[in-house]
Amino acid sequence: MSSADFTSIPILEYGLLARDRAAFLSQLRHALIHVGFLYLRGAPVDTTSVIAQIPRVFALPQSSKDALSMRNSEHFLGYTNLGTEFTKGALDMREQFDFATPHQNEWKEGDPEYLRLWGPAQWPSDEELPGFREVVEKFYVDTDVLAHDFTGLVVEALGLSHDALSDFFEPPGHMQHRGKIIKYPEVKEGASNQGVGPHYDSGFLTFLLQASEQRGLQVQNFAGKWIDVPPLADTFVVNIGKGLEALTSGIALATSHRVLSPPPGSGPRYSVPFFQMIAQRVVLGKAAASLTFPPDVLAERDRRGNPTTDSVNYTEYDTTPAGEVALIGRIKSHPDVAERHYPQLFKAIFPQGLPREVSAY
Ligand SMILES: O=C(O)CCC(=O)C(=O)O
Ligand SMILES: [Fe+2]
């Protein structure tokens with residue numbers, strides 16, 4: 001199959017790694033360069049417990065969810081109701097909580113403002129939702145370990161040493177990764193079915209748990225065709241963000257994707273993406289120059305070329321620290337939060353005041 005027309009997403013068996021490391025790395029290399037998405041089946045993370053928690057948090061009374069509003073948080077962590085997020089000018093239909101791995105904010109006067117972005121999440125209380133926080137935080141810790149190990153495999157598959165990227169992460173305990181818990185309600189008769197519009201993920205690697213049986217996730221191939229990524233038992237969907245693409249000089253591909261809302265009568269779709277981040281002060285475009293990839297990997301990238309997609313392009317990583325790219329992205333997605341907590345940046349980005357429409361990505 002040529003790279004220009006993938007019609008399904010490769011499935012990598014985690015167990016193959018122990019049995020035949022070279023075969024696993026070769027499949028991984030293909031997925032990274034030619035698809036930008038893969039299923040990882042059988043990873044050592046308990047997903048059942050977290051999946052059971054998801055409907056509970058959305059079933060909280062609206063007043064309890066509103067009390068956790070993202071507007072309270074300079075870290076852009078918290079609850080966002082339906083109908084407030086747009087991608088490429090069209091309304092997304094999803095209700096979501098942005099949570100994150102545990103982190104104490106380390107920003108102090110005089111530091112770059114983007115260092116304020118990492119900090120504690122807002123959790124429902126244990127009285128209101130017993131066990132929820134413990135289960136979700138445990139899931140994040142386990143997924144962080146998986147993501148960290150997997151990053152080593154990614155660079156190995158691209159011909160670098162296993163720890164080639166370790167300088168681009170903060171020491172343990174000083175990194176923060178983010179996660180969303182999302183509900184896509186079924187579409188109303190005659191309404192738009194945009195759950196979330198076409199976009200790239202901005203970070204490093206995304207590990208997505210599809211937490212219900214509904215389909216809806218699609219990725220765009222080189223020919224511009226949308227390919228279904230149905231839920232498969234015991235898998236994460238792993239995809240590459242623009243940050244990792246920039247750091248690998250475009251070898252690992254960030255692929256455009258979207259979610260269609262479930263059809264009427266089929267019930268809501270739930271998903272749990274985990275977004276792996278990179279150290280905030282790193283300028284990825286510059287850092288890329290310090291990594292020397294083998295000629296055969298570069299040649300494979302060049303033969304592949306670049307797809308044209310429906311997503312917005314990123315070039316900011318060439319010159320801007322990763323944390324600043326992330327902060328600007330958050331400000332554009334949630335200007336009401338930014339107006340409260342980052343008034344100067346808000347004014348610079350939205351000189352006319354709050355826009356009628358904002359972009360989720
Ligand atoms: O809900 C999904 O399946 C994907 C969500 C997504 O692409 C995102 O939040 O970046
Ligand atoms: Fe995404």
# chains A, B, ... in the order shown; residues from 1 in each chain; ligands from 1
>>> select_by_dssp(residues="segment 17-262 of chain A", states="helix (DSSP H, G or I)", output="PyMOL selection string")
chain A and resi 17-19+21-34+48-58+62-67+70-72+113-117+132-157+166-168+242-247
>>> residues_near_ligand(ligand="ligand 2", cutoff="8 Å", atoms="only C-alpha atoms and all ligand atoms", output="MDAnalysis selection string")
chainID A and resid 199:201 206 257:258 273
>>> write_last_selection(atoms="all heavy atoms", output="PDB file, in the first residue's frame")
ATOM      1  N   HIS A 199      -8.730  18.944  13.080  1.00  0.00           N
ATOM      2  CA  HIS A 199      -7.644  19.642  13.782  1.00  0.00           C
ATOM      3  C   HIS A 199      -6.442  18.708  13.910  1.00  0.00           C
ATOM      4  O   HIS A 199      -6.548  17.500  13.695  1.00  0.00           O
ATOM      5  CB  HIS A 199      -8.102  20.069  15.184  1.00  0.00           C
ATOM      6  CG  HIS A 199      -8.357  18.900  16.088  1.00  0.00           C
ATOM      7  ND1 HIS A 199      -9.556  18.208  16.092  1.00  0.00           N
ATOM      8  CD2 HIS A 199      -7.571  18.253  16.982  1.00  0.00           C
ATOM      9  CE1 HIS A 199      -9.494  17.214  16.954  1.00  0.00           C
ATOM     10  NE2 HIS A 199      -8.289  17.200  17.509  1.00  0.00           N
ATOM     11  N   TYR A 200      -5.314  19.302  14.280  1.00  0.00           N
ATOM     12  CA  TYR A 200      -4.144  18.536  14.732  1.00  0.00           C
ATOM     13  C   TYR A 200      -4.062  18.665  16.233  1.00  0.00           C
ATOM     14  O   TYR A 200      -4.427  19.699  16.789  1.00  0.00           O
ATOM     15  CB  TYR A 200      -2.853  19.135  14.167  1.00  0.00           C
ATOM     16  CG  TYR A 200      -2.731  19.130  12.678  1.00  0.00           C
ATOM     17  CD1 TYR A 200      -2.696  20.336  11.978  1.00  0.00           C
ATOM     18  CD2 TYR A 200      -2.607  17.952  11.968  1.00  0.00           C
ATOM     19  CE1 TYR A 200      -2.556  20.350  10.597  1.00  0.00           C
ATOM     20  CE2 TYR A 200      -2.463  17.955  10.594  1.00  0.00           C
ATOM     21  CZ  TYR A 200      -2.440  19.159   9.913  1.00  0.00           C
ATOM     22  OH  TYR A 200      -2.306  19.170   8.567  1.00  0.00           O
ATOM     23  N   ASP A 201      -3.519  17.671  16.911  1.00  0.00           N
ATOM     24  CA  ASP A 201      -3.191  17.860  18.320  1.00  0.00           C
ATOM     25  C   ASP A 201      -1.885  18.643  18.365  1.00  0.00           C
ATOM     26  O   ASP A 201      -1.023  18.504  17.492  1.00  0.00           O
ATOM     27  CB  ASP A 201      -3.057  16.513  19.029  1.00  0.00           C
ATOM     28  CG  ASP A 201      -4.411  15.811  19.145  1.00  0.00           C
ATOM     29  OD1 ASP A 201      -5.439  16.444  18.823  1.00  0.00           O
ATOM     30  OD2 ASP A 201      -4.438  14.630  19.540  1.00  0.00           O
ATOM     31  N   THR A 206      -0.440  11.765  21.774  1.00  0.00           N
ATOM     32  CA  THR A 206      -1.757  11.668  22.408  1.00  0.00           C
ATOM     33  C   THR A 206      -2.102  10.190  22.569  1.00  0.00           C
ATOM     34  O   THR A 206      -1.912   9.408  21.627  1.00  0.00           O
ATOM     35  CB  THR A 206      -2.841  12.343  21.542  1.00  0.00           C
ATOM     36  OG1 THR A 206      -2.491  13.709  21.347  1.00  0.00           O
ATOM     37  CG2 THR A 206      -4.214  12.271  22.206  1.00  0.00           C
ATOM     38  N   HIS A 257      -7.575  15.056  12.220  1.00  0.00           N
ATOM     39  CA  HIS A 257      -8.662  14.162  12.633  1.00  0.00           C
ATOM     40  C   HIS A 257      -9.856  14.972  13.123  1.00  0.00           C
ATOM     41  O   HIS A 257      -9.757  16.181  13.352  1.00  0.00           O
ATOM     42  CB  HIS A 257      -8.173  13.165  13.696  1.00  0.00           C
ATOM     43  CG  HIS A 257      -7.518  13.795  14.890  1.00  0.00           C
ATOM     44  ND1 HIS A 257      -6.253  14.326  14.861  1.00  0.00           N
ATOM     45  CD2 HIS A 257      -7.961  14.001  16.162  1.00  0.00           C
ATOM     46  CE1 HIS A 257      -5.935  14.803  16.049  1.00  0.00           C
ATOM     47  NE2 HIS A 257      -6.964  14.636  16.858  1.00  0.00           N
ATOM     48  N   ARG A 258     -10.993  14.308  13.259  1.00  0.00           N
ATOM     49  CA  ARG A 258     -12.222  14.966  13.692  1.00  0.00           C
ATOM     50  C   ARG A 258     -13.120  13.923  14.370  1.00  0.00           C
ATOM     51  O   ARG A 258     -12.846  12.718  14.288  1.00  0.00           O
ATOM     52  CB  ARG A 258     -12.957  15.573  12.486  1.00  0.00           C
ATOM     53  CG  ARG A 258     -13.533  14.522  11.550  1.00  0.00           C
ATOM     54  CD  ARG A 258     -14.280  15.139  10.355  1.00  0.00           C
ATOM     55  NE  ARG A 258     -14.865  14.105   9.518  1.00  0.00           N
ATOM     56  CZ  ARG A 258     -15.447  14.349   8.339  1.00  0.00           C
ATOM     57  NH1 ARG A 258     -15.490  15.581   7.859  1.00  0.00           N
ATOM     58  NH2 ARG A 258     -15.976  13.350   7.649  1.00  0.00           N
ATOM     59  N   PRO A 273      -8.911  11.482  26.063  1.00  0.00           N
ATOM     60  CA  PRO A 273      -7.556  11.688  25.535  1.00  0.00           C
ATOM     61  C   PRO A 273      -6.571  12.138  26.620  1.00  0.00           C
ATOM     62  O   PRO A 273      -6.926  12.914  27.511  1.00  0.00           O
ATOM     63  CB  PRO A 273      -7.732  12.807  24.487  1.00  0.00           C
ATOM     64  CG  PRO A 273      -9.040  13.449  24.758  1.00  0.00           C
ATOM     65  CD  PRO A 273      -9.833  12.574  25.705  1.00  0.00           C
TER      66      PRO A 273
END
>>> residues_near_ligand(ligand="ligand 1", cutoff="9 Å", atoms="only C-alpha atoms and all ligand atoms", output="ChimeraX atom specification")
/A:94,179-184,195-202,206,208-211,215-218,229,237,256-259,269-275,361
>>> atom_distance(atom1="atom CA of Ala164 of chain A", atom2="atom CA of Tyr39 of chain A")
23.9 Å
>>> closest_residue(among="A:Ala157, A:Leu12, A:Val141, A:Ala23", to="Met175 of chain A", atoms="only C-alpha atoms")
A:Val141
>>> closest_residue(among="A:Ala246, A:Ile51, A:Ile9, A:Leu38", to="Phe139 of chain A", atoms="only C-alpha atoms")
A:Ile51
>>> residues_around(residues="Gly250 of chain A", least_positions_apart="2", cutoff="10 Å", atoms="only C-alpha atoms", output="list in words")
Ile33, Lys242, Gly243, Leu244, Glu245, Ala246, Leu247, Thr248, Ala252, Leu253, Ala254, Ala288, Leu298, Arg301, Asp302, Gly305 and Asn306 of chain A
>>> write_last_selection(atoms="N, CA and C atoms", output="PDB file, in the first residue's frame")
ATOM      1  N   ILE A  33       5.680   7.404  10.249  1.00  0.00           N
ATOM      2  CA  ILE A  33       6.035   8.183   9.055  1.00  0.00           C
ATOM      3  C   ILE A  33       4.860   8.282   8.085  1.00  0.00           C
ATOM      4  N   LYS A 242       1.652  18.109  16.811  1.00  0.00           N
ATOM      5  CA  LYS A 242       2.517  19.007  16.040  1.00  0.00           C
ATOM      6  C   LYS A 242       3.862  19.232  16.730  1.00  0.00           C
ATOM      7  N   GLY A 243       3.896  19.097  18.060  1.00  0.00           N
ATOM      8  CA  GLY A 243       5.156  19.269  18.785  1.00  0.00           C
ATOM      9  C   GLY A 243       6.162  18.192  18.412  1.00  0.00           C
ATOM     10  N   LEU A 244       5.714  16.949  18.389  1.00  0.00           N
ATOM     11  CA  LEU A 244       6.621  15.846  18.024  1.00  0.00           C
ATOM     12  C   LEU A 244       6.977  15.920  16.539  1.00  0.00           C
ATOM     13  N   GLU A 245       6.026  16.326  15.725  1.00  0.00           N
ATOM     14  CA  GLU A 245       6.334  16.494  14.298  1.00  0.00           C
ATOM     15  C   GLU A 245       7.458  17.528  14.122  1.00  0.00           C
ATOM     16  N   ALA A 246       7.348  18.648  14.837  1.00  0.00           N
ATOM     17  CA  ALA A 246       8.376  19.695  14.715  1.00  0.00           C
ATOM     18  C   ALA A 246       9.731  19.181  15.199  1.00  0.00           C
ATOM     19  N   LEU A 247       9.731  18.457  16.315  1.00  0.00           N
ATOM     20  CA  LEU A 247      10.997  17.983  16.888  1.00  0.00           C
ATOM     21  C   LEU A 247      11.668  16.932  16.011  1.00  0.00           C
ATOM     22  N   THR A 248      10.881  16.219  15.205  1.00  0.00           N
ATOM     23  CA  THR A 248      11.474  15.205  14.330  1.00  0.00           C
ATOM     24  C   THR A 248      11.598  15.726  12.893  1.00  0.00           C
ATOM     25  N   ALA A 252       7.968  12.198  11.871  1.00  0.00           N
ATOM     26  CA  ALA A 252       6.720  11.683  12.457  1.00  0.00           C
ATOM     27  C   ALA A 252       5.617  12.679  12.104  1.00  0.00           C
ATOM     28  N   LEU A 253       4.520  12.139  11.625  1.00  0.00           N
ATOM     29  CA  LEU A 253       3.491  12.969  11.010  1.00  0.00           C
ATOM     30  C   LEU A 253       2.328  13.229  11.975  1.00  0.00           C
ATOM     31  N   ALA A 254       1.987  14.503  12.135  1.00  0.00           N
ATOM     32  CA  ALA A 254       0.736  14.820  12.845  1.00  0.00           C
ATOM     33  C   ALA A 254      -0.383  14.758  11.810  1.00  0.00           C
ATOM     34  N   ALA A 288      15.236  20.524  17.134  1.00  0.00           N
ATOM     35  CA  ALA A 288      15.263  19.518  16.059  1.00  0.00           C
ATOM     36  C   ALA A 288      16.642  19.475  15.399  1.00  0.00           C
ATOM     37  N   LEU A 298      15.328   9.846   6.787  1.00  0.00           N
ATOM     38  CA  LEU A 298      15.054  11.127   6.113  1.00  0.00           C
ATOM     39  C   LEU A 298      14.544  10.892   4.694  1.00  0.00           C
ATOM     40  N   ARG A 301      10.938   9.937   4.761  1.00  0.00           N
ATOM     41  CA  ARG A 301      10.107  11.148   4.937  1.00  0.00           C
ATOM     42  C   ARG A 301       9.947  11.884   3.609  1.00  0.00           C
ATOM     43  N   ASP A 302      11.057  12.038   2.890  1.00  0.00           N
ATOM     44  CA  ASP A 302      11.010  12.832   1.654  1.00  0.00           C
ATOM     45  C   ASP A 302      10.171  12.147   0.580  1.00  0.00           C
ATOM     46  N   GLY A 305       6.353  12.820   1.314  1.00  0.00           N
ATOM     47  CA  GLY A 305       5.769  14.131   1.033  1.00  0.00           C
ATOM     48  C   GLY A 305       4.817  14.538   2.146  1.00  0.00           C
ATOM     49  N   ASN A 306       4.029  15.563   1.887  1.00  0.00           N
ATOM     50  CA  ASN A 306       3.126  16.065   2.916  1.00  0.00           C
ATOM     51  C   ASN A 306       1.694  16.116   2.422  1.00  0.00           C
TER      52      ASN A 306
END
>>> closest_residue(among="A:Ile251, A:Ala338, A:Ala31, A:Val136", to="Met70 of chain A", atoms="only C-alpha atoms")
A:Ala338
>>> closest_residue(among="A:Thr255, A:Asn81, A:Trp118, A:Met277", to="Ile227 of chain A", atoms="only C-alpha atoms")
A:Thr255
>>> atom_distance(atom1="atom CA of Pro185 of chain A", atom2="atom CA of Leu60 of chain A")
15.6 Å
>>> residues_around(residues="Ala100 of chain A", least_positions_apart="5", cutoff="8 Å", atoms="only C-alpha atoms", output="VMD selection string")
chain A and resid 77 120 to 121 140 176 to 179
>>> residues_around(residues="Arg41 of chain A", least_positions_apart="2", cutoff="10 Å", atoms="only C-alpha atoms", output="list in words")
Ile11, Leu12, Glu13, Tyr14, Gly15, Leu38, Tyr39, Ala43, Pro44, Leu232, Ala233, Asp234, Thr235, Phe236 and Val237 of chain A
>>> closest_residue(among="A:Ala326, A:Ala348, A:Ala90, A:Val219", to="Ile278 of chain A", atoms="only C-alpha atoms")
A:Ala326
>>> closest_residue(among="A:Ala287, A:Leu205, A:Leu165, A:Leu40", to="Ser249 of chain A", atoms="only C-alpha atoms")
A:Ala287
>>> atom_distance(atom1="atom CA of Glu74 of chain A", atom2="atom CA of Lys332 of chain A")
14.0 Å
